[in-house]
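Data block for data_10.cif (mmCIF, C-alpha atoms and all ligand atoms):
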data_model
loop_
_atom_site.label_atom_id
_atom_site.label_comp_id
_atom_site.auth_asym_id
_atom_site.auth_seq_id
_atom_site.Cartn_x
_atom_site.Cartn_y
_atom_site.Cartn_z
CA LEU A 1 20.48 -6.22 31.75
CA ARG A 2 16.76 -7.00 31.44
CA GLU A 3 16.25 -6.94 35.21
CA GLN A 4 18.15 -3.69 35.50
CA LEU A 5 16.05 -2.04 32.77
CA ILE A 6 12.83 -3.29 34.32
CA GLU A 7 13.74 -1.73 37.66
CA LEU A 8 14.56 1.62 36.00
CA ASP A 9 11.38 1.41 33.91
CA LYS A 10 9.21 0.83 36.98
CA LYS A 11 10.80 3.71 38.83
CA HIS A 12 11.10 6.39 36.15
CA PHE A 13 8.92 5.73 33.10
CA ILE A 14 5.25 6.74 33.31
CA HIS A 15 3.78 4.62 30.51
CA PRO A 16 1.06 6.08 28.29
CA THR A 17 -2.33 4.34 28.27
CA SER A 18 -1.18 1.73 30.78
CA SER A 19 -2.22 0.33 34.11
CA LEU A 20 0.17 2.24 36.37
CA LYS A 21 -0.24 -0.26 39.21
CA GLN A 22 0.29 -3.34 37.05
CA GLN A 23 3.27 -1.79 35.33
CA HIS A 24 4.79 -0.85 38.67
CA GLU A 25 4.25 -4.30 40.14
CA GLN A 26 5.03 -6.54 37.17
CA GLY A 27 7.25 -4.41 34.95
CA ALA A 28 7.08 -4.22 31.17
CA PRO A 29 6.21 -7.60 29.61
CA PHE A 30 8.35 -6.84 26.58
CA ILE A 31 11.38 -4.64 26.11
CA PHE A 32 11.84 -4.65 22.35
CA THR A 33 15.22 -4.22 20.77
CA LYS A 34 14.79 -4.95 17.07
CA GLY A 35 12.22 -5.00 14.28
CA GLU A 36 12.30 -6.59 10.84
CA GLY A 37 9.30 -6.71 8.49
CA VAL A 38 6.29 -7.77 10.57
CA TYR A 39 8.39 -9.17 13.45
CA LEU A 40 9.81 -7.70 16.63
CA THR A 41 12.47 -9.24 18.86
CA ASP A 42 12.69 -8.49 22.55
CA ILE A 43 15.66 -8.27 24.86
CA THR A 44 15.44 -11.99 25.72
CA GLY A 45 15.54 -12.94 22.03
CA LYS A 46 11.81 -13.79 21.83
CA ARG A 47 10.36 -13.04 18.40
CA VAL A 48 6.74 -11.93 17.94
CA LEU A 49 4.56 -11.09 14.96
CA GLU A 50 3.40 -7.49 15.48
CA GLY A 51 -0.28 -7.95 14.63
CA MET A 52 -1.04 -4.33 15.57
CA SER A 53 1.68 -2.58 13.54
CA SER A 54 2.52 -1.26 17.02
CA LEU A 55 -0.28 1.35 17.34
CA TRP A 56 -1.91 0.78 13.91
CA ASN A 57 0.92 2.81 12.43
CA VAL A 58 4.00 0.89 11.25
CA ASN A 59 2.40 0.36 7.84
CA ILE A 60 5.54 -0.35 5.82
CA GLY A 61 6.96 -2.67 8.47
CA TYR A 62 10.11 -2.53 10.57
CA GLY A 63 13.77 -2.19 9.71
CA ARG A 64 13.55 0.08 6.65
CA LYS A 65 17.05 1.41 6.13
CA GLU A 66 15.82 3.82 3.45
CA LEU A 67 13.86 5.78 6.05
CA ALA A 68 16.87 5.94 8.34
CA GLU A 69 18.88 7.15 5.37
CA ALA A 70 16.31 9.84 4.47
CA ALA A 71 16.33 11.09 8.07
CA ARG A 72 20.13 11.04 8.27
CA GLU A 73 20.55 12.94 5.04
CA GLN A 74 18.02 15.59 6.03
CA MET A 75 19.48 15.95 9.52
CA GLU A 76 22.96 16.42 8.13
CA ASN A 77 21.80 19.10 5.70
CA LEU A 78 19.16 20.86 7.73
CA ALA A 79 17.76 18.99 10.72
CA PHE A 80 15.23 21.65 11.54
CA THR A 81 13.89 24.98 10.51
CA ASN A 82 10.51 26.41 11.46
CA SER A 83 7.69 27.33 9.11
CA PHE A 84 6.45 30.38 11.03
CA SER A 85 6.30 33.75 9.28
CA SER A 86 5.95 31.91 5.97
CA MET A 87 9.46 30.46 6.07
CA SER A 88 9.65 27.14 4.32
CA ASN A 89 11.66 24.03 3.54
CA GLU A 90 11.74 21.61 0.63
CA PRO A 91 10.59 18.37 2.35
CA ALA A 92 7.52 20.12 3.84
CA ILE A 93 6.63 21.70 0.49
CA ARG A 94 7.05 18.41 -1.37
CA LEU A 95 5.14 16.38 1.21
CA ALA A 96 2.25 18.87 1.22
CA ALA A 97 2.09 18.60 -2.58
CA LYS A 98 2.28 14.79 -2.40
CA LEU A 99 -0.58 14.63 0.11
CA ALA A 100 -2.66 16.91 -2.11
CA GLU A 101 -1.96 14.54 -5.02
CA ILE A 102 -3.01 11.35 -3.22
CA ALA A 103 -5.87 12.71 -1.10
CA PRO A 104 -9.33 12.30 -2.63
CA GLY A 105 -11.20 15.05 -4.48
CA ASN A 106 -10.10 18.61 -3.95
CA LEU A 107 -8.41 18.02 -0.59
CA ASP A 108 -5.49 20.15 -1.49
CA ALA A 109 -3.83 22.16 1.27
CA VAL A 110 -1.99 20.87 4.30
CA PHE A 111 -1.33 22.05 7.86
CA PHE A 112 1.34 19.89 9.54
CA THR A 113 1.21 18.67 13.14
CA SER A 114 3.19 16.05 15.08
CA GLY A 115 0.41 13.49 15.52
CA GLY A 116 -3.26 12.60 15.51
CA SER A 117 -4.31 14.44 18.67
CA GLU A 118 -2.72 17.64 17.41
CA SER A 119 -4.41 17.13 14.04
CA ASN A 120 -7.75 16.91 15.82
CA ASP A 121 -7.32 19.98 18.00
CA THR A 122 -5.99 21.89 15.00
CA ALA A 123 -9.02 20.92 12.93
CA TYR A 124 -11.49 22.06 15.61
CA LYS A 125 -9.79 25.44 15.77
CA LEU A 126 -9.47 25.78 12.01
CA VAL A 127 -13.14 25.04 11.30
CA ARG A 128 -14.22 27.51 13.98
CA TYR A 129 -11.82 30.12 12.56
CA TYR A 130 -13.28 29.45 9.11
CA TRP A 131 -16.84 30.12 10.27
CA LYS A 132 -15.73 33.16 12.24
CA LEU A 133 -14.08 34.63 9.15
CA LYS A 134 -17.32 34.01 7.27
CA GLY A 135 -19.18 36.10 9.86
CA ARG A 136 -20.68 33.05 11.62
CA PRO A 137 -18.86 32.89 14.99
CA GLU A 138 -21.84 31.14 16.58
CA LYS A 139 -21.12 28.07 14.43
CA LYS A 140 -18.75 26.41 16.89
CA LYS A 141 -20.17 23.07 18.10
CA ILE A 142 -18.41 19.89 17.04
CA ILE A 143 -20.48 16.71 16.72
CA SER A 144 -18.68 13.37 16.98
CA ARG A 145 -19.76 9.74 17.36
CA LYS A 146 -20.08 7.51 20.40
CA LYS A 147 -17.28 4.91 20.51
CA GLY A 148 -15.20 7.28 18.36
CA TYR A 149 -11.57 7.92 19.34
CA HIS A 150 -9.84 11.15 18.40
CA GLY A 151 -6.88 11.36 20.76
CA VAL A 152 -5.99 12.76 24.15
CA ASN A 153 -5.45 16.51 23.85
CA ILE A 154 -8.22 18.42 25.58
CA GLY A 155 -10.23 18.99 22.39
CA ALA A 156 -9.58 15.47 21.10
CA THR A 157 -10.61 13.96 24.45
CA SER A 158 -13.77 16.04 24.38
CA ALA A 159 -14.60 14.71 20.92
CA THR A 160 -13.78 11.12 21.87
CA GLY A 161 -16.96 9.15 22.50
CA ILE A 162 -15.55 6.39 24.72
CA SER A 163 -16.63 6.93 28.34
CA PRO A 164 -13.47 5.88 30.23
CA PHE A 165 -11.35 8.32 28.21
CA GLN A 166 -13.85 11.07 28.98
CA GLU A 167 -14.02 10.15 32.65
CA MET A 168 -10.25 10.20 33.08
CA THR A 169 -10.38 13.98 33.35
CA THR A 170 -12.82 16.10 35.31
CA SER A 171 -13.36 18.89 32.83
CA HIS A 172 -13.81 19.00 29.06
CA ALA A 173 -13.74 21.57 26.33
CA PRO A 174 -17.20 23.07 25.76
CA ASP A 175 -19.29 22.72 22.59
CA PHE A 176 -18.73 19.02 21.90
CA LEU A 177 -21.71 16.71 21.30
CA HIS A 178 -21.88 12.94 20.71
CA VAL A 179 -24.34 10.97 18.59
CA GLU A 180 -25.09 7.29 18.04
CA PRO A 181 -22.53 6.04 15.54
CA SER A 182 -24.56 3.83 13.25
CA SER A 183 -27.47 5.91 12.08
CA SER A 184 -27.43 9.08 10.04
CA ALA A 185 -30.84 9.85 11.58
CA ALA A 186 -29.08 10.39 14.92
CA LEU A 187 -26.94 13.10 13.35
CA LEU A 188 -29.96 14.71 11.78
CA GLU A 189 -31.85 14.70 15.07
CA CYS A 190 -28.91 16.31 16.84
CA ILE A 191 -28.68 19.03 14.16
CA ASP A 192 -32.42 19.66 14.44
CA SER A 193 -32.37 19.99 18.19
CA GLU A 194 -29.18 22.09 18.44
CA GLY A 195 -29.74 24.19 15.33
CA ALA A 196 -27.42 23.96 12.31
CA GLU A 197 -26.50 27.61 12.85
CA THR A 198 -24.61 26.57 16.02
CA ILE A 199 -22.68 23.65 14.52
CA ALA A 200 -19.24 24.01 12.95
CA ALA A 201 -18.45 20.42 11.98
CA PHE A 202 -19.22 16.73 12.24
CA ILE A 203 -16.23 14.43 12.73
CA ALA A 204 -16.04 10.67 12.16
CA GLU A 205 -13.51 7.90 11.69
CA PRO A 206 -14.41 5.97 8.51
CA ILE A 207 -13.85 2.85 10.61
CA GLN A 208 -13.75 3.32 14.38
CA GLY A 209 -10.39 1.93 15.46
CA ALA A 210 -9.74 2.17 19.20
CA GLY A 211 -13.51 1.87 19.77
CA GLY A 212 -13.42 -1.72 18.49
CA VAL A 213 -12.95 -1.68 14.68
CA ASN A 214 -16.59 -0.77 14.07
CA MET A 215 -17.77 -0.30 10.52
CA ALA A 216 -20.67 1.99 9.74
CA PRO A 217 -23.70 0.49 7.97
CA ASP A 218 -23.93 0.69 4.18
CA GLY A 219 -24.84 4.12 2.96
CA TYR A 220 -24.05 5.84 6.27
CA PHE A 221 -21.19 8.00 5.04
CA ARG A 222 -22.93 9.10 1.87
CA GLU A 223 -25.93 10.09 3.99
CA VAL A 224 -23.91 12.03 6.55
CA ARG A 225 -21.95 13.73 3.76
CA GLU A 226 -25.24 14.90 2.25
CA ILE A 227 -26.65 15.99 5.60
CA CYS A 228 -23.54 18.04 6.34
CA SER A 229 -23.56 19.73 2.93
CA LYS A 230 -27.26 20.49 3.17
CA HIS A 231 -26.92 22.07 6.62
CA ASN A 232 -23.72 23.97 5.98
CA ILE A 233 -21.75 21.84 8.42
CA LEU A 234 -18.18 20.83 7.60
CA PHE A 235 -17.45 17.10 7.48
CA ILE A 236 -14.13 16.07 9.02
CA ALA A 237 -12.85 12.53 8.37
CA ASP A 238 -10.38 11.30 10.99
CA GLU A 239 -8.20 8.98 8.88
CA VAL A 240 -5.45 8.77 11.49
CA ILE A 241 -5.71 4.96 11.56
CA THR A 242 -7.46 4.28 8.26
CA GLY A 243 -5.23 6.44 6.06
CA PHE A 244 -2.28 5.27 3.96
CA GLY A 245 -3.50 1.89 2.82
CA ARG A 246 -4.76 0.40 6.08
CA THR A 247 -8.17 -0.57 4.62
CA GLY A 248 -7.00 -1.64 1.15
CA LYS A 249 -7.44 1.82 -0.36
CA MET A 250 -5.14 4.79 0.14
CA PHE A 251 -7.83 6.46 2.28
CA ALA A 252 -10.90 4.73 3.71
CA CYS A 253 -13.24 7.51 2.51
CA GLU A 254 -12.66 6.15 -0.98
CA HIS A 255 -14.62 2.98 -0.09
CA TYR A 256 -17.67 5.16 0.48
CA ARG A 257 -17.03 7.51 -2.45
CA VAL A 258 -17.17 10.46 -0.10
CA VAL A 259 -14.87 13.46 0.01
CA PRO A 260 -14.68 15.20 3.39
CA ASP A 261 -14.06 18.94 3.76
CA VAL A 262 -11.20 18.24 6.13
CA MET A 263 -9.16 15.06 6.47
CA LEU A 264 -6.94 14.24 9.45
CA VAL A 265 -3.91 11.99 9.16
CA ALA A 266 -0.93 10.90 11.27
CA LYS A 267 0.45 7.42 12.11
CA GLY A 268 0.92 5.78 8.67
CA ILE A 269 2.15 9.05 7.13
CA THR A 270 5.64 8.09 8.36
CA SER A 271 4.82 4.49 9.37
CA GLY A 272 5.72 5.61 12.87
CA TYR A 273 9.41 6.11 12.09
CA ILE A 274 9.13 9.72 13.27
CA PRO A 275 6.19 11.73 14.70
CA LEU A 276 4.12 13.56 12.11
CA GLY A 277 0.50 14.40 11.42
CA ALA A 278 -1.47 16.64 9.08
CA VAL A 279 -4.78 18.39 8.56
CA ILE A 280 -5.74 18.45 4.88
CA VAL A 281 -8.44 20.89 3.76
CA THR A 282 -10.16 21.38 0.43
CA ASP A 283 -8.97 23.92 -2.07
CA THR A 284 -12.25 25.78 -1.52
CA ILE A 285 -11.70 26.16 2.22
CA HIS A 286 -8.06 27.07 1.70
CA ARG A 287 -8.97 29.81 -0.74
CA GLU A 288 -11.69 31.20 1.50
CA LEU A 289 -9.27 31.26 4.43
CA ILE A 290 -6.79 33.19 2.31
CA ASP A 291 -9.39 35.64 1.03
CA LEU A 292 -11.06 36.34 4.35
CA SER A 293 -8.18 36.23 6.81
CA GLN A 294 -6.45 39.30 8.11
CA GLY A 295 -3.25 39.36 10.10
CA VAL A 296 -1.63 36.21 11.35
CA LEU A 297 -3.08 32.68 11.66
CA LEU A 298 -2.25 32.30 15.34
CA HIS A 299 -2.03 28.54 15.34
CA GLY A 300 1.23 26.69 14.79
CA TYR A 301 3.41 24.16 16.53
CA THR A 302 7.18 24.50 16.73
CA TYR A 303 7.31 21.27 14.74
CA SER A 304 4.66 22.08 12.11
CA GLY A 305 6.40 21.22 8.85
CA HIS A 306 9.45 19.63 10.51
CA PRO A 307 11.89 19.01 7.63
CA THR A 308 13.27 15.71 8.93
CA ALA A 309 9.79 14.34 9.72
CA CYS A 310 8.55 15.43 6.28
CA ALA A 311 11.59 13.87 4.52
CA VAL A 312 10.79 10.57 6.24
CA GLY A 313 7.11 10.93 5.30
CA LEU A 314 8.03 11.44 1.65
CA LYS A 315 10.28 8.39 1.59
CA ASN A 316 7.59 6.34 3.33
CA LEU A 317 5.00 7.23 0.68
CA GLU A 318 7.52 6.55 -2.09
CA ILE A 319 8.05 3.03 -0.69
CA MET A 320 4.30 2.44 -0.35
CA GLU A 321 3.84 3.27 -4.02
CA ARG A 322 6.91 1.41 -5.27
CA GLU A 323 5.90 -1.78 -3.45
CA ASN A 324 2.15 -1.48 -4.14
CA LEU A 325 1.40 -1.77 -0.46
CA VAL A 326 -2.16 -0.47 -0.76
CA GLU A 327 -2.92 -3.32 -3.14
CA ASN A 328 -1.11 -5.78 -0.88
CA SER A 329 -3.27 -4.57 2.00
CA ARG A 330 -6.39 -5.30 -0.05
CA LEU A 331 -5.20 -8.76 -1.15
CA MET A 332 -3.82 -9.86 2.20
CA GLY A 333 -6.93 -8.40 3.84
CA GLU A 334 -9.02 -10.83 1.82
CA LYS A 335 -6.87 -13.73 3.03
CA LEU A 336 -7.13 -12.50 6.59
CA PHE A 337 -10.90 -12.28 6.32
CA GLU A 338 -11.10 -15.84 4.95
CA GLY A 339 -9.10 -17.01 7.95
CA LEU A 340 -11.35 -15.10 10.32
CA LYS A 341 -14.44 -16.66 8.76
CA GLU A 342 -12.99 -20.11 9.45
CA ILE A 343 -12.32 -19.11 13.04
CA GLU A 344 -15.92 -17.88 13.30
CA GLN A 345 -17.16 -21.30 12.14
CA GLU A 346 -14.89 -23.34 14.36
CA ILE A 347 -14.68 -21.50 17.66
CA GLU A 348 -17.84 -21.30 19.72
CA ILE A 349 -16.94 -18.20 21.73
CA VAL A 350 -16.47 -16.14 18.57
CA GLY A 351 -19.36 -13.85 17.69
CA GLU A 352 -18.88 -11.51 14.77
CA VAL A 353 -15.62 -11.20 12.82
CA ARG A 354 -14.84 -8.06 10.84
CA ALA A 355 -12.08 -6.95 8.49
CA LEU A 356 -11.50 -4.44 5.71
CA GLY A 357 -8.03 -4.51 4.24
CA LEU A 358 -5.64 -5.08 7.11
CA ILE A 359 -7.77 -3.89 10.01
CA GLY A 360 -9.95 -6.41 11.77
CA ALA A 361 -11.70 -7.61 14.90
CA VAL A 362 -13.05 -10.73 16.57
CA GLU A 363 -15.92 -10.35 19.04
CA VAL A 364 -15.91 -12.74 21.98
CA VAL A 365 -19.39 -13.83 23.16
CA HIS A 366 -20.90 -16.52 25.33
CA PRO A 367 -21.93 -19.27 22.87
CA THR A 368 -25.39 -19.91 24.29
CA GLU A 369 -26.26 -16.53 25.73
CA LYS A 370 -24.91 -14.77 22.62
CA LYS A 371 -23.66 -11.83 24.67
CA ARG A 372 -20.53 -10.84 26.53
CA PHE A 373 -19.27 -13.13 29.30
CA SER A 374 -19.69 -11.73 32.83
CA GLU A 375 -15.96 -10.94 32.88
CA LEU A 376 -13.78 -9.79 29.98
CA VAL A 377 -12.39 -12.72 27.98
CA ALA A 378 -10.61 -10.96 25.08
CA PRO A 379 -7.63 -9.98 27.31
CA LYS A 380 -7.09 -13.68 28.03
CA VAL A 381 -6.99 -14.26 24.27
CA SER A 382 -4.41 -11.55 23.71
CA ALA A 383 -2.31 -12.94 26.59
CA GLU A 384 -2.44 -16.42 25.01
CA ALA A 385 -1.54 -14.92 21.64
CA ALA A 386 1.46 -13.09 23.12
CA LYS A 387 2.68 -16.38 24.63
CA ARG A 388 2.41 -17.94 21.18
CA GLY A 389 4.24 -15.06 19.49
CA LEU A 390 1.51 -12.71 18.25
CA ILE A 391 0.69 -9.21 19.46
CA VAL A 392 -2.94 -8.11 19.22
CA ARG A 393 -4.99 -5.65 21.26
CA THR A 394 -8.32 -5.80 23.03
CA VAL A 395 -11.22 -3.42 23.50
CA GLY A 396 -13.21 -3.89 26.69
CA PHE A 397 -15.36 -0.79 27.12
CA GLU A 398 -18.84 0.24 26.01
CA GLY A 399 -20.09 -3.34 26.30
CA MET A 400 -17.41 -4.75 24.01
CA ASP A 401 -15.14 -7.76 24.51
CA THR A 402 -13.17 -7.66 21.33
CA VAL A 403 -9.78 -8.65 19.96
CA VAL A 404 -8.51 -6.17 17.36
CA PHE A 405 -5.56 -6.27 14.99
CA ALA A 406 -3.92 -4.34 12.17
CA PRO A 407 -0.70 -5.96 10.91
CA PRO A 408 1.86 -4.11 8.78
CA LEU A 409 0.81 -3.75 5.13
CA VAL A 410 3.92 -5.66 4.01
CA ILE A 411 2.56 -8.88 5.51
CA ASN A 412 2.63 -11.90 3.15
CA GLU A 413 0.39 -14.92 2.83
CA ASN A 414 2.47 -17.17 5.10
CA GLU A 415 2.54 -14.53 7.78
CA ILE A 416 -1.25 -14.10 7.52
CA LYS A 417 -1.55 -17.88 7.96
CA GLU A 418 0.69 -17.72 11.01
CA MET A 419 -1.37 -14.89 12.46
CA VAL A 420 -4.68 -16.69 11.89
CA ALA A 421 -3.29 -19.96 13.29
CA ILE A 422 -2.09 -18.28 16.49
CA LEU A 423 -5.38 -16.40 16.88
CA LYS A 424 -7.29 -19.64 16.47
CA ALA A 425 -5.12 -21.60 18.90
CA SER A 426 -5.37 -18.79 21.46
CA LEU A 427 -9.15 -18.58 21.16
CA LYS A 428 -9.38 -22.36 21.46
CA ALA A 429 -7.25 -22.44 24.62
CA VAL A 430 -9.30 -19.68 26.20
CA GLN A 431 -12.55 -21.31 25.16
CA GLU A 432 -11.52 -24.49 26.95
CA SER A 433 -10.77 -22.58 30.12
CA VAL A 434 -13.88 -20.35 30.19
CA LEU A 435 -16.43 -22.99 29.17
CA LYS A 436 -15.26 -25.78 31.46
N1 LIG A 501 -7.54 9.80 15.83
C1 LIG A 501 -7.62 8.47 15.71
C2 LIG A 501 -8.68 7.88 14.84
C3 LIG A 501 -6.71 7.65 16.38
O1 LIG A 501 -6.81 6.32 16.30
C4 LIG A 501 -5.71 8.25 17.17
C5 LIG A 501 -4.71 7.41 17.89
O2 LIG A 501 -4.84 6.23 18.02
C6 LIG A 501 -5.68 9.64 17.27
C7 LIG A 501 -6.60 10.39 16.57
C8 LIG A 501 -4.66 10.32 18.13
O3 LIG A 501 -3.42 10.23 17.53
P1 LIG A 501 -2.07 10.42 18.38
O4 LIG A 501 -2.01 9.28 19.35
O5 LIG A 501 -1.00 10.39 17.32
O6 LIG A 501 -2.13 11.74 19.05
#
Taking this structure as input, can you express it in the form of structure tokens?
Amino acid sequence: LREQLIELDKKHFIHPTSSLKQQHEQGAPFIFTKGEGVYLTDITGKRVLEGMSSLWNVNIGYGRKELAEAAREQMENLAFTNSFSSMSNEPAIRLAAKLAEIAPGNLDAVFFTSGGSESNDTAYKLVRYYWKLKGRPEKKKIISRKKGYHGVNIGATSATGISPFQEMTTSHAPDFLHVEPSSSAALLECIDSEGAETIAAFIAEPIQGAGGVNMAPDGYFREVREICSKHNILFIADEVITGFGRTGKMFACEHYRVVPDVMLVAKGITSGYIPLGAVIVTDTIHRELIDLSQGVLLHGYTYSGHPTACAVGLKNLEIMERENLVENSRLMGEKLFEGLKEIEQEIEIVGEVRALGLIGAVEVVHPTEKKRFSELVAPKVSAEAAKRGLIVRTVGFEGMDTVVFAPPLVINENEIKEMVAILKASLKAVQESVLK
């Protein structure tokens, strides 16, 4: 069966974010058939610890029958109805209210999408619409950060600050600018040179995920929040990865005591059980939009406010609260960080280690030259880890050679130990091969 599936896969399935050639020649390394907690089993019966929560999203872990039940019940009653022309449905209403309750500050009104890229493109249009309604149509530029990742729709790609993603396509959306990610002075300089009157919004991930799990320096987010407020620029936080407990708080903005004007979520909102995303705006913006708008808001996806997706989202958040998973993320994150610190001490090819809650990274560097090896080494580490039963990811662009991970928030202490032990053994094996 495996061989048959691999042949069909090679022939018919164009894999997202994959090496087309490698996939065509070698086939899929894993065809997964089952998930339970933090573990996945593939078609050959091999079990692996999913150290990435798949794509940083399966926060409550695999195999949750309650989510299947919530979806089944909703599908049987009313699988789908649209929310256009102000029609509504109970799961969407309740989930919007729930998000307003748990989001920081006065983030209070929700526009639903089906994922993070849609949340980004929606936000860019909404902030421009907002300024247009306020008689400021020239405020349309969006500033984002280098190494930032915001998705693959045309707007989201244009905001993404990772060169290979930009270079994949030959034309971008206009009015996107990128600044250095670790200094608020860079933002200020950009505003000064472009003119605040031309800028609609600044967007940032509280922790850059796909760009290598990069944390901003202390004080950065409070400074950029102030700069945005002072210059009448909206601040958008892309919490697509960091939302819903990933960093040990419900939303990562809370670490910095900063409330954005617009917050983007997806992934953990349903723990990946069904596609869903959202754009959450402040009560102030919502009210201004209502007061100033005329006619129809001509932005909406068929699946905005999908009742089944929203029912699953609600159940997912209920489970997160019932099982204190945000707190577990914080506690297990501390254990993970302790383990990473030991690895940093013991393995020579490890440069910096980083973690906040259950998102982390290990930088691979040459031990004497203290910079990246001439060829990428992190992919060898992830290959070794996969052999030993752990899935992690690597980041190899913009001068990085980094292993990144983000296990499900249900992970326990033994599983953290297992993860750290496999990481260490994999790094050790690779060290022996690259230093000999
Ligand atoms: N924003 C961030 C910070 C992300 O990490 C991602 C996906 O990884 C996206 C947006 C895009 O989300 P999606 O892949 O659901 O479209």
Can you tell me which residues come within 8 Å of ligand LIG 501 (chain A) when counting only C-alpha atoms and all ligand atoms, ideally as a PyMOL selection string? chain A and resi 55-56+114-120+148-153+156+205+208-210+238-242+264-267+275-277
Residues within 6 Å of (-12.3, 11.0, -0.4), counting all atoms listed in the file, listed as a ChimeraX atom specification: /A:104-105,253-254,258-259
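Here CA of Ser19 (chain A) stands at a distance of 26.2 Å from CA of Gly268 (chain A).
One finds CA of His12 (chain A) at 25.3 Å from CA of Pro164 (chain A).
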Do you know which residues are at most 7 Å from Leu49 (chain A) counting all atoms listed in the file, after dropping those on the same chain fewer than 4 positions away, and could you put them as number ranges by chain? A: 38-40, 389-391
Would you mind exporting the chosen residues as a compact mmCIF listing (two decimals), in the coordinates of the input, restricted to C-alpha atoms?
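The result, stored in part_23.txt:
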# COMPACT_ATOMS: atom_id res chain seq x y z
CA VAL A 38 6.29 -7.77 10.57
CA TYR A 39 8.39 -9.17 13.45
CA LEU A 40 9.81 -7.70 16.63
CA GLY A 389 4.24 -15.06 19.49
CA LEU A 390 1.51 -12.71 18.25
CA ILE A 391 0.69 -9.21 19.46
Quick one: region 327-378 of chain A with C-alpha atoms, as an mmCIF file, in the first residue's frame?
data_model
loop_
_atom_site.group_PDB
_atom_site.id
_atom_site.type_symbol
_atom_site.label_atom_id
_atom_site.label_comp_id
_atom_site.auth_asym_id
_atom_site.auth_seq_id
_atom_site.Cartn_x
_atom_site.Cartn_y
_atom_site.Cartn_z
ATOM 1 C CA GLU A 327 0.002 27.418 31.962
ATOM 2 C CA ASN A 328 1.313 24.027 30.853
ATOM 3 C CA SER A 329 3.000 25.751 27.923
ATOM 4 C CA ARG A 330 4.734 28.133 30.329
ATOM 5 C CA LEU A 331 5.830 25.364 32.727
ATOM 6 C CA MET A 332 6.939 22.883 30.081
ATOM 7 C CA GLY A 333 8.599 25.763 28.234
ATOM 8 C CA GLU A 334 10.802 26.323 31.268
ATOM 9 C CA LYS A 335 11.783 22.642 31.269
ATOM 10 C CA LEU A 336 12.484 22.792 27.559
ATOM 11 C CA PHE A 337 14.678 25.846 28.009
ATOM 12 C CA GLU A 338 16.640 24.126 30.805
ATOM 13 C CA GLY A 339 17.258 21.210 28.456
ATOM 14 C CA LEU A 340 18.352 23.555 25.680
ATOM 15 C CA LYS A 341 20.791 25.297 28.017
ATOM 16 C CA GLU A 342 22.395 21.923 28.775
ATOM 17 C CA ILE A 343 22.662 21.223 25.065
ATOM 18 C CA GLU A 344 24.272 24.637 24.589
ATOM 19 C CA GLN A 345 26.901 23.751 27.212
ATOM 20 C CA GLU A 346 27.626 20.283 25.920
ATOM 21 C CA ILE A 347 27.519 20.495 22.151
ATOM 22 C CA GLU A 348 30.212 22.549 20.473
ATOM 23 C CA ILE A 349 28.341 23.304 17.247
ATOM 24 C CA VAL A 350 25.479 24.932 19.154
ATOM 25 C CA GLY A 351 25.500 28.723 19.186
ATOM 26 C CA GLU A 352 22.532 30.452 20.747
ATOM 27 C CA VAL A 353 19.483 28.606 22.095
ATOM 28 C CA ARG A 354 16.144 30.389 22.452
ATOM 29 C CA ALA A 355 12.732 29.501 23.846
ATOM 30 C CA LEU A 356 9.648 31.224 25.206
ATOM 31 C CA GLY A 357 6.892 28.883 26.275
ATOM 32 C CA LEU A 358 6.811 26.081 23.747
ATOM 33 C CA ILE A 359 8.496 27.761 20.802
ATOM 34 C CA GLY A 360 12.243 27.474 20.503
ATOM 35 C CA ALA A 361 15.353 27.363 18.356
ATOM 36 C CA VAL A 362 18.928 26.096 18.323
ATOM 37 C CA GLU A 363 21.472 27.944 16.173
ATOM 38 C CA VAL A 364 24.159 25.813 14.566
ATOM 39 C CA VAL A 365 27.576 27.515 14.270
ATOM 40 C CA HIS A 366 31.161 26.522 13.616
ATOM 41 C CA PRO A 367 32.712 26.180 17.103
ATOM 42 C CA THR A 368 35.912 28.087 16.388
ATOM 43 C CA GLU A 369 34.784 30.487 13.700
ATOM 44 C CA LYS A 370 31.562 31.250 15.617
ATOM 45 C CA LYS A 371 29.588 31.631 12.402
ATOM 46 C CA ARG A 372 27.614 29.447 10.043
ATOM 47 C CA PHE A 373 29.362 26.457 8.448
ATOM 48 C CA SER A 374 30.046 26.834 4.712
ATOM 49 C CA GLU A 375 27.130 24.478 4.015
ATOM 50 C CA LEU A 376 23.857 24.186 5.943
ATOM 51 C CA VAL A 377 24.137 21.796 8.893
ATOM 52 C CA ALA A 378 20.729 22.182 10.579
#
